[in-house]
Amino acid sequence: MEITGTQLISAKRAAVWAALNDPAALQQCIQGCERFEAMGPGQWLAVVMAAVGPVKARFTGTVSLHDIEPLAGYRLRGQGQGGVAGFGQLEARVRLSDEGGDTRLDYTAQAQVGGKLAQIGSRLVSGAAKKMADQFFSAFNALLSGGGLVAFAPVRAEAASSAPDEELALVQLKVNGRPVERRVEARTLLVEFLRKDLGLTGTHVGCDTTQCGACTVNLDGLAVKSCTVLAAQASGGQVVTIEGLAPPDGLHPLQQAFNHCHALQCGFCTPGMIMAADGLLRSGCAVDDAAIEHALEGNLCRCTGYVHIIDAVKHAARQMGRPTGEGVAS
Ligand code: FES
Ligand code: FES
C-alpha cells in the first residue's frame, strides 16, 4: 500500500530538518510512542503502542535513515514486530522545500504488513496508516509552530557519538537478580544476549520469528518473547529467565506442576510455557481455561499437546492460592 501527502509547516526549513533528525521531537509526534532512542547516527529504536481495527499491540523495531540530503530530505526505513499481532515495514521518502516563509514537506510511503494485521484487510490498514501519518504531521506542525524546537532534548551523546564500526550498544540489565553490563552489537536480540553472552541457555530459540514462544522470559514483570526484543531495548530493565524462577531451595510451583501433571515430553517448549504461564499468574487474573489458552496462545508445543499443560497451570494456580474460576482446591 502507498501513502502520499503534503504538509505546509509553519517553520523555517532548518528548523524542520533539525526536528526530523531529533528522536525526542519525533517521539513527541508519534501517537503511542513509548520509546524512540538513538542507536547511532541516523538509527533509532522505537516502541509504539498502536491500534489498527481490532488489533492492538506494542510494536518494537528499528528506524534508519538513508540517502540523506541535509535540509532537502531523506529516505526512511522502518520495521516493527508486534508479536502475534504481526509485523509492519515502511519505506518513506521525505522531501523539504521552501514555500513562502514556511516549509513544504512532501512524503511518499510504502507500507507492508504481515500476520494478524494482514488478515484484517488492506482498506482498514491503509486507513489507519493514513490516520497515523495525519496525526504525526499535525503534531509535528504544532510543535514547530509553537517554537518547541528549542525545548527538544538533544540526541543522546553516547549513542550518537560513540557508535564504532560495529555499532555497539551498552546493555545494562538485572538478570535473575544480578546486575550485568555488556557492550554488544546494537542488533543483538535479547535471547542471543541471554544465551550467548550470559550462558543462560534455558531460554530456547524455536523459530526466531515470534511464533513459537520458546524464548519467553519475564521483562519488567511481563512475559515477552525475547527474540522480539533487542537487548539494547531492554537495557535498564529487569529480566527473569527460567533459571531464575525457582526459589533457592526448590522448584517453582509451575515447575512442580508440570512435573506432577506430566506436562512435558521433550521439554523444548517447557521453559517458554512456564514463563508465559508465570506472566499469567503474576497478572492477578483468574486462571481459568480461557485465560490460560489466551496466555499460552503464542507458545507452541510439538509433542505433549496442551491438555496436560493447561492442567499444570491450573494445578500451580491452586497451589499458589490463585483463583481458577472453579473454586475447588485439588
Ligand atoms: S524463538 Fe522467539 S518466538 Fe520462537
Ligand atoms: S514438550 Fe516437546 S515441544 Fe513441548
# chains A, B, ... in the order shown; residues from 1 in each chain; ligands from 1

$ residues_near_ligand --ligand "ligand 1" --cutoff "12 Å" --atoms "only C-alpha atoms and all ligand atoms" --output "number ranges by chain"
A: 81-84, 189-192, 195, 203-217, 223-230, 268-269, 271-273, 276, 296-301

$ residues_near_ligand --ligand "ligand 2" --cutoff "6 Å" --atoms "only C-alpha atoms and all ligand atoms" --output "list in words"
Leu264, Gln265, Cys266, Gly267, Phe268, Cys269, Thr270, Cys301, Arg302, Cys303 and Thr304 of chain A

$ atom_distance --atom1 "CA of Gln7 (chain A)" --atom2 "CA of Asp106 (chain A)"
6.5 Å

$ closest_residue --among "A:Gly32, A:Gly100, A:Pro41, A:Gly221" --to "Ile9 (chain A)" --atoms "only C-alpha atoms"
A:Gly100

$ select_by_dssp --residues "region 200-326 of chain A" --states "alpha helix (DSSP H)" --output "PyMOL selection string"
chain A and resi 231-234+253-260+270-283+289-295+307-319

$ atom_distance --atom1 "CA of Val48 (chain A)" --atom2 "CA of Thr188 (chain A)"
19.7 Å

$ closest_residue --among "A:Ala50, A:Gly78, A:Gln238, A:Gly42" --to "Lys131 (chain A)" --atoms "only C-alpha atoms"
A:Ala50

$ residues_around --residues "Asp134 (chain A)" --least-positions-apart "2" --cutoff "12 Å" --atoms "only C-alpha atoms" --output "NGL selection string"
:A and (3-7 or 29-31 or 107 or 127-132 or 136-141)

$ residues_around --residues "Gln319 (chain A)" --least-positions-apart "4" --cutoff "12 Å" --atoms "only C-alpha atoms" --output "number ranges by chain"
A: 252-257, 260, 281, 287, 312-315, 323-324, 328-330

$ closest_residue --among "A:Cys33, A:Val171, A:Met275, A:Leu198" --to "Ala232 (chain A)" --atoms "only C-alpha atoms"
A:Val171
